[in-house]
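Visitor: What follows is my_file_16.tsv, made up of TSV, C-alpha atoms:
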chain	number	residue	atom	x	y	z
A	1	MET	CA	87.84	97.15	118.20
A	2	SER	CA	89.96	97.80	121.29
A	3	LYS	CA	90.52	101.45	122.12
A	4	THR	CA	92.20	103.41	124.88
A	5	PRO	CA	89.82	104.06	127.84
A	6	LEU	CA	87.70	107.19	127.62
A	7	GLY	CA	89.28	110.23	129.19
A	8	THR	CA	92.75	109.52	127.84
A	9	LEU	CA	94.33	112.78	126.73
A	10	PHE	CA	96.31	112.84	123.53
A	11	SER	CA	99.21	115.23	123.15
A	12	ASP	CA	99.73	117.60	120.24
A	13	TRP	CA	102.46	115.19	119.19
A	14	ASP	CA	99.98	112.32	118.97
A	15	ARG	CA	97.53	114.33	116.88
A	16	CYS	CA	100.25	115.52	114.52
A	17	VAL	CA	101.50	111.95	114.11
A	18	VAL	CA	98.23	110.92	112.43
A	19	GLY	CA	97.58	114.20	110.61
A	20	LEU	CA	94.88	115.58	112.92
A	21	GLY	CA	97.05	118.45	114.10
A	22	ALA	CA	99.00	120.61	111.71
A	23	PRO	CA	102.65	121.31	112.50
A	24	ASN	CA	103.98	124.88	112.32
A	25	LEU	CA	104.06	125.09	108.54
A	26	SER	CA	106.31	127.37	106.53
A	27	THR	CA	105.76	128.69	103.03
A	28	LEU	CA	107.70	125.67	101.80
A	29	ARG	CA	104.78	123.49	102.97
A	30	LEU	CA	107.18	121.87	105.41
A	31	LEU	CA	107.59	122.07	109.16
A	32	ASP	CA	108.77	125.53	110.11
A	33	GLY	CA	112.20	125.71	111.69
A	34	ASP	CA	114.79	123.00	111.26
A	35	VAL	CA	113.10	121.17	108.37
A	36	SER	CA	112.49	124.20	106.18
A	37	GLU	CA	115.92	125.62	106.91
A	38	ALA	CA	117.55	122.29	106.14
A	39	PHE	CA	115.62	122.03	102.88
A	40	ARG	CA	116.69	125.54	101.89
A	41	GLU	CA	120.29	124.52	102.48
A	42	LEU	CA	119.83	121.37	100.40
A	43	THR	CA	118.32	123.39	97.54
A	44	ARG	CA	121.27	125.80	97.75
A	45	ARG	CA	123.75	122.96	97.43
A	46	ALA	CA	121.72	121.45	94.59
A	47	ARG	CA	121.74	124.78	92.77
A	48	GLN	CA	125.52	124.89	92.99
A	49	SER	CA	125.55	121.54	91.20
A	50	GLY	CA	123.17	122.72	88.46
A	51	PHE	CA	119.83	121.49	89.83
A	52	ASP	CA	116.66	123.39	90.67
A	53	LEU	CA	115.45	121.23	93.56
A	54	ARG	CA	111.75	121.77	94.27
A	55	CYS	CA	109.23	120.32	96.70
A	56	ALA	CA	106.18	118.99	94.84
A	57	SER	CA	104.33	117.88	97.96
A	58	GLY	CA	105.05	118.47	101.63
A	59	TYR	CA	102.57	118.46	104.48
A	60	ARG	CA	99.29	116.61	103.94
A	61	SER	CA	96.45	116.55	106.47
A	62	LEU	CA	94.47	113.50	107.52
A	63	ASP	CA	91.44	114.88	105.67
A	64	ARG	CA	93.42	115.27	102.45
A	65	GLN	CA	94.92	111.78	102.69
A	66	THR	CA	91.47	110.37	103.43
A	67	ALA	CA	90.05	112.00	100.30
A	68	ILE	CA	92.83	110.45	98.20
A	69	TRP	CA	92.36	107.05	99.85
A	70	ASN	CA	88.57	107.00	99.54
A	71	GLY	CA	88.74	107.99	95.89
A	72	LYS	CA	91.04	105.06	95.21
A	73	PHE	CA	89.05	102.61	97.30
A	74	GLN	CA	85.87	103.57	95.45
A	75	GLY	CA	87.61	103.25	92.07
A	76	VAL	CA	87.19	106.95	91.30
A	77	ARG	CA	90.93	107.59	91.40
A	78	SER	CA	93.28	105.41	89.40
A	79	VAL	CA	95.07	102.53	91.12
A	80	GLU	CA	97.99	101.16	89.11
A	81	ASP	CA	100.37	98.22	89.24
A	82	ASP	CA	104.16	98.42	89.21
A	83	GLN	CA	104.17	98.83	85.44
A	84	GLY	CA	101.77	101.76	85.57
A	85	VAL	CA	98.81	99.76	84.25
A	86	ALA	CA	95.45	100.83	85.70
A	87	LEU	CA	93.72	98.11	87.70
A	88	GLU	CA	90.01	97.27	87.75
A	89	ARG	CA	88.29	97.48	91.13
A	90	HIS	CA	85.88	94.61	90.44
A	91	ALA	CA	88.74	92.17	89.89
A	92	TYR	CA	89.80	92.20	93.54
A	93	SER	CA	88.35	91.56	96.98
A	94	ALA	CA	88.22	94.52	99.36
A	95	LEU	CA	91.39	93.46	101.18
A	96	GLU	CA	93.23	92.68	97.94
A	97	TRP	CA	92.26	96.12	96.63
A	98	ILE	CA	93.52	97.74	99.82
A	99	HIS	CA	96.89	96.07	99.34
A	100	LYS	CA	97.02	97.39	95.78
A	101	ILE	CA	96.32	100.91	97.03
A	102	LEU	CA	98.91	100.62	99.80
A	103	ARG	CA	101.61	99.82	97.27
A	104	PHE	CA	101.68	103.50	96.30
A	105	SER	CA	99.42	105.36	98.76
A	106	ALA	CA	99.51	105.46	102.55
A	107	LEU	CA	96.61	104.56	104.77
A	108	PRO	CA	95.21	107.83	106.18
A	109	GLY	CA	96.78	108.46	109.56
A	110	THR	CA	100.02	106.67	108.62
A	111	SER	CA	101.40	108.94	105.91
A	112	ARG	CA	104.77	110.47	106.64
A	113	HIS	CA	103.45	113.58	104.90
A	114	HIS	CA	101.29	114.20	107.99
A	115	TRP	CA	104.41	115.18	109.92
A	116	GLY	CA	105.69	118.13	107.93
A	117	THR	CA	109.07	116.36	107.75
A	118	ASP	CA	108.76	114.71	104.34
A	119	CYS	CA	108.65	116.03	100.80
A	120	ASP	CA	108.46	114.74	97.24
A	121	VAL	CA	111.19	116.38	95.19
A	122	TYR	CA	112.05	116.95	91.55
A	123	ASP	CA	114.41	119.01	89.38
A	124	ALA	CA	112.50	121.90	87.79
A	125	ALA	CA	115.50	122.65	85.59
A	126	ALA	CA	115.18	119.27	83.87
A	127	VAL	CA	111.65	119.75	82.50
A	128	ALA	CA	109.50	122.40	80.84
A	129	ASP	CA	107.36	124.74	82.92
A	130	ASP	CA	104.18	122.96	81.80
A	131	TYR	CA	105.53	119.48	82.50
A	132	LYS	CA	103.03	117.27	84.35
A	133	LEU	CA	104.86	115.66	87.23
A	134	GLN	CA	104.22	111.92	87.64
A	135	LEU	CA	106.42	110.85	90.57
A	136	THR	CA	107.14	107.40	89.24
A	137	VAL	CA	110.25	105.23	89.35
A	138	ILE	CA	110.67	105.49	85.58
A	139	GLU	CA	110.42	109.28	85.71
A	140	SER	CA	113.01	109.36	88.48
A	141	ARG	CA	115.42	107.36	86.33
A	142	VAL	CA	114.83	109.23	83.08
A	143	GLN	CA	113.76	112.87	83.53
A	144	PHE	CA	115.35	113.28	86.94
A	145	GLY	CA	118.11	110.69	86.82
A	146	GLU	CA	120.93	113.20	87.26
A	147	LEU	CA	119.29	114.78	90.29
A	148	HIS	CA	118.77	111.44	91.99
A	149	ARG	CA	122.32	110.33	91.29
A	150	TRP	CA	123.48	113.56	92.93
A	151	LEU	CA	121.16	112.90	95.89
A	152	ASP	CA	122.52	109.34	96.09
A	153	GLU	CA	126.01	110.78	96.54
A	154	GLN	CA	124.92	113.28	99.19
A	155	ILE	CA	122.97	110.68	101.14
A	156	GLU	CA	125.76	108.10	100.99
A	157	SER	CA	128.24	110.62	102.40
A	158	ASP	CA	125.75	111.93	105.01
A	159	ASN	CA	125.91	115.32	103.34
A	160	SER	CA	122.19	115.65	102.57
A	161	CYS	CA	121.29	118.13	105.33
A	162	GLY	CA	119.53	115.43	107.36
A	163	PHE	CA	117.32	114.20	104.50
A	164	PHE	CA	117.23	110.52	103.60
A	165	ARG	CA	115.01	108.13	101.64
A	166	PRO	CA	112.70	106.00	103.83
A	167	TYR	CA	111.50	104.07	100.77
A	168	ALA	CA	114.83	103.32	99.15
A	169	GLN	CA	114.23	99.55	99.08
A	170	ASP	CA	111.32	97.42	97.93
A	171	ARG	CA	110.55	95.00	100.75
A	172	GLY	CA	107.34	93.73	99.19
A	173	GLY	CA	105.13	96.40	100.74
A	174	ILE	CA	105.25	100.00	99.66
A	175	SER	CA	107.01	100.68	96.39
A	176	VAL	CA	110.41	102.30	96.07
A	177	GLU	CA	110.07	106.10	96.03
A	178	PRO	CA	113.35	107.79	95.05
A	179	TRP	CA	111.64	111.20	95.11
A	180	HIS	CA	110.52	110.91	98.75
A	181	LEU	CA	112.87	112.60	101.19
A	182	SER	CA	112.41	112.61	104.96
A	183	TYR	CA	114.11	114.83	107.51
A	184	ALA	CA	115.54	112.19	109.82
A	185	PRO	CA	116.18	114.21	113.02
A	186	LEU	CA	112.44	114.88	113.43
A	187	ALA	CA	110.80	112.14	111.35
A	188	SER	CA	112.48	109.48	113.49
A	189	GLU	CA	110.60	110.85	116.50
A	190	PHE	CA	107.27	110.77	114.69
A	191	GLU	CA	107.73	107.24	113.36
A	192	TRP	CA	108.63	106.00	116.83
A	193	ARG	CA	105.29	107.35	118.11
A	194	LEU	CA	103.15	105.92	115.27
A	195	ARG	CA	101.67	102.62	116.43
A	196	PRO	CA	98.51	100.63	115.56
A	197	ALA	CA	97.04	101.41	118.99
A	198	LEU	CA	97.40	105.16	118.42
A	199	TRP	CA	95.88	104.83	114.96
A	200	ARG	CA	92.86	102.98	116.37
A	201	ASP	CA	92.34	105.59	119.04
A	202	LEU	CA	92.53	108.62	116.78
A	203	CYS	CA	91.60	107.43	113.29
A	204	SER	CA	89.14	104.53	113.53
A	205	ASP	CA	86.18	106.91	113.80
A	206	GLN	CA	87.20	108.85	110.69
A	207	SER	CA	85.37	108.28	107.39
A	208	ILE	CA	88.03	105.96	105.97
A	209	GLU	CA	86.69	103.56	103.34
A	210	GLY	CA	87.45	99.85	103.74
A	211	LEU	CA	87.94	99.93	107.51
A	212	ALA	CA	85.86	96.80	108.02
A	213	ALA	CA	88.06	94.93	105.56
A	214	PHE	CA	91.44	95.86	107.02
A	215	ASP	CA	90.74	96.37	110.74
A	216	ALA	CA	91.70	92.82	111.67
A	217	GLU	CA	94.81	93.14	109.47
A	218	LEU	CA	96.01	96.46	110.90
A	219	GLU	CA	99.14	95.11	112.58
A	220	ASP	CA	100.16	93.32	109.37
A	221	ILE	CA	99.49	96.47	107.35
A	222	PHE	CA	101.75	98.43	109.69
A	223	GLU	CA	104.48	95.82	109.33
A	224	ARG	CA	104.30	95.66	105.53
A	225	PHE	CA	103.31	99.17	104.51
A	226	VAL	CA	104.12	101.59	107.33
A	227	ARG	CA	107.27	100.61	109.18
A	228	VAL	CA	110.60	101.11	107.48
A	229	PRO	CA	113.96	99.59	108.45
A	230	GLN	CA	115.92	101.61	110.98
A	231	GLU	CA	118.75	101.67	108.46
A	232	TRP	CA	116.84	104.20	106.32
A	233	CYS	CA	118.93	106.83	108.09
A	234	PRO	CA	122.18	106.79	110.10
A	235	GLU	CA	121.76	105.79	113.73
A	236	HIS	CA	122.92	109.14	115.12
A	237	TYR	CA	119.75	110.79	113.76
A	238	ARG	CA	117.39	108.55	115.70
A	239	SER	CA	117.89	110.13	119.16
A	240	GLY	CA	118.13	106.74	120.81
A	241	ARG	CA	114.72	105.66	119.53
A	242	SER	CA	114.10	102.17	118.19
A	243	ASN	CA	111.07	100.72	116.43
I'd like the structure from this file rewritten - as structure tokens, please.

Guide:
Amino acid sequence: MSKTPLGTLFSDWDRCVVGLGAPNLSTLRLLDGDVSEAFRELTRRARQSGFDLRCASGYRSLDRQTAIWNGKFQGVRSVEDDQGVALERHAYSALEWIHKILRFSALPGTSRHHWGTDCDVYDAAAVADDYKLQLTVIESRVQFGELHRWLDEQIESDNSCGFFRPYAQDRGGISVEPWHLSYAPLASEFEWRLRPALWRDLCSDQSIEGLAAFDAELEDIFERFVRVPQEWCPEHYRSGRSN
């Protein structure tokens, strides 16, 4: 495994990119400052249209993502197919199983939730207080269909306070996630910095299950399950960065 020479110093940016350093979090579980203020504005606009926009999940540390990943790799946590059918661990090789996990869960160190720029949203006004949130495509179309149609309109007109959907299209890697919003002005900087070499340097010595199976495939995993098309947000949000 090739790594950066010893003595290389990593910036706070680098550590935050892979979830080792926590951004300046607000009570919204998002990055303090522009992201939280922008989300508050988006919730205000949603409220005016009859929606109670809530953040179900914001920042997630590397340790938390690793716990989720390891549970799925070990078969302790459920891994499902596109139809929501639970899969059996013994039916797949280690690499095949990793691809199944990656369809719906990010490899630790590559989750956009590490950045404090991304959140999973829902409409609390559309369900009962004791409703168990699923965050599935079917749920987004049925229970929260009106909210997502409203978000579609805001995003299409660039009136979504800087939030866009990085997983709006199924390209054969990670599944479509209508509920996943990303604050483009800052997320575009993080995604530009996230590269396989940085992941190897900062994450390869973490207790991530399956490393031996996917190490040689890391570049392909980044291409299929990490990188998103630049068109996920308008060009003027990308600060001149390109993937």

Visitor: Please list, as a ChimeraX atom specification, the residues that have an atom at most 12 Å away from (87.6, 111.0, 100.4) in the coordinates of this file, counting only C-alpha atoms.

Guide: /A:62-77,107-108,206-210

Visitor: For Trp232 (chain A), find every residue with an atom within 12 Å (counting all atoms listed in the file), except residues of its own chain fewer than 5 positions away, and show them as a ChimeraX atom specification.

Guide: /A:155-156,158,162-169,180-184,187-188,191,227,237-238

Visitor: One decimal, Å: what's the distance from CA of His236 (chain A) over to CA of Trp192 (chain A), could you say?

Guide: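 Calculated distance between CA of His236 (chain A) and CA of Trp192 (chain A) is 14.7 Å.
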
Visitor: Work out where the centre of an axis-aligned box around every listed atom of region 128-140 of chain A lies and how long its edges are once 6 Å is added on each side; give both in Å to one decimal as lines of an AutoDock Vina configuration file.

Guide:
center_x = 108.0
center_y = 115.0
center_z = 85.7
size_x = 22.0
size_y = 31.5
size_z = 21.7

Visitor: Which residues are near Ser105 (chain A)? Cut-off 8 Å, only C-alpha atoms, ignore same chain within fewer than 3 positions. Put them as a ChimeraX atom specification.

Guide: /A:69,101-102,174

Visitor: Tell me, as a ChimeraX atom specification, which residues lie within 8 Å of Ser111 (chain A), counting all atoms listed in the file; anything in the same chain fewer than 5 positions away does not count.

Guide: /A:18,65,106,226

Visitor: Within 8 Å of Tyr122 (chain A), counting only C-alpha atoms, which residues show up once you throw out same-chain ones fewer than 2 positions away? Write them as a PyMOL selection string, please.

Guide: chain A and resi 52-56+120+124+144+147+179

Visitor: Considering only C-alpha atoms, can you say which of A:Asp130, A:Asp123, A:Asp81, A:Asp170 comes closest to Val228 (chain A)?

Guide: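 Ranking A:Asp130, A:Asp123, A:Asp81, A:Asp170 by distance to Val228 (chain A), first place goes to A:Asp170.
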
Visitor: Would you give me, as a tab-separated table, each residue of region 106-181 of chain A having an atom within 12 Å of an atom of region 84-96 of chain A, along with its shortest atom pair and that distance in Å to one decimal, using only C-alpha atoms and sorting by chain and residue number?

Guide:
residue	atom	partner	partner_atom	distance
A:Gln134	CA	A:Gly84	CA	10.7
A:Leu135	CA	A:Gly84	CA	11.4
A:Thr136	CA	A:Gly84	CA	8.6
A:Val137	CA	A:Gly84	CA	9.9
A:Ile138	CA	A:Gly84	CA	9.7
A:Glu139	CA	A:Gly84	CA	11.5

Visitor: Interatomic distance between CA of Gly173 (chain A) and CA of Phe214 (chain A)?

Guide: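 Rounded to one decimal, the two atoms are 15.1 Å apart.
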
Visitor: Go through A:Val35, A:Ile221, A:Val17, A:Ala125 one by one, measure the shortest atom-to-atom distance of each to Arg47 (chain A) using only C-alpha atoms, and give the residue with the smallest value.

Guide: A:Ala125

Visitor: Do you have the CA of Arg200 (chain A)-CA of Gln230 (chain A) distance handy?

Guide: 23.7 Å

Visitor: Which residues, protein or nucleic acid, reach to within 6 Å of (107.4, 117.3, 102.8) in the file's coordinates when using only C-alpha atoms, and can you give that as a list in words?

Guide: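 Checked against the point, the hits come out as Leu30, Ser57, Gly58, Tyr59, His113, Gly116, Thr117, Asp118 and Cys119 of chain A.
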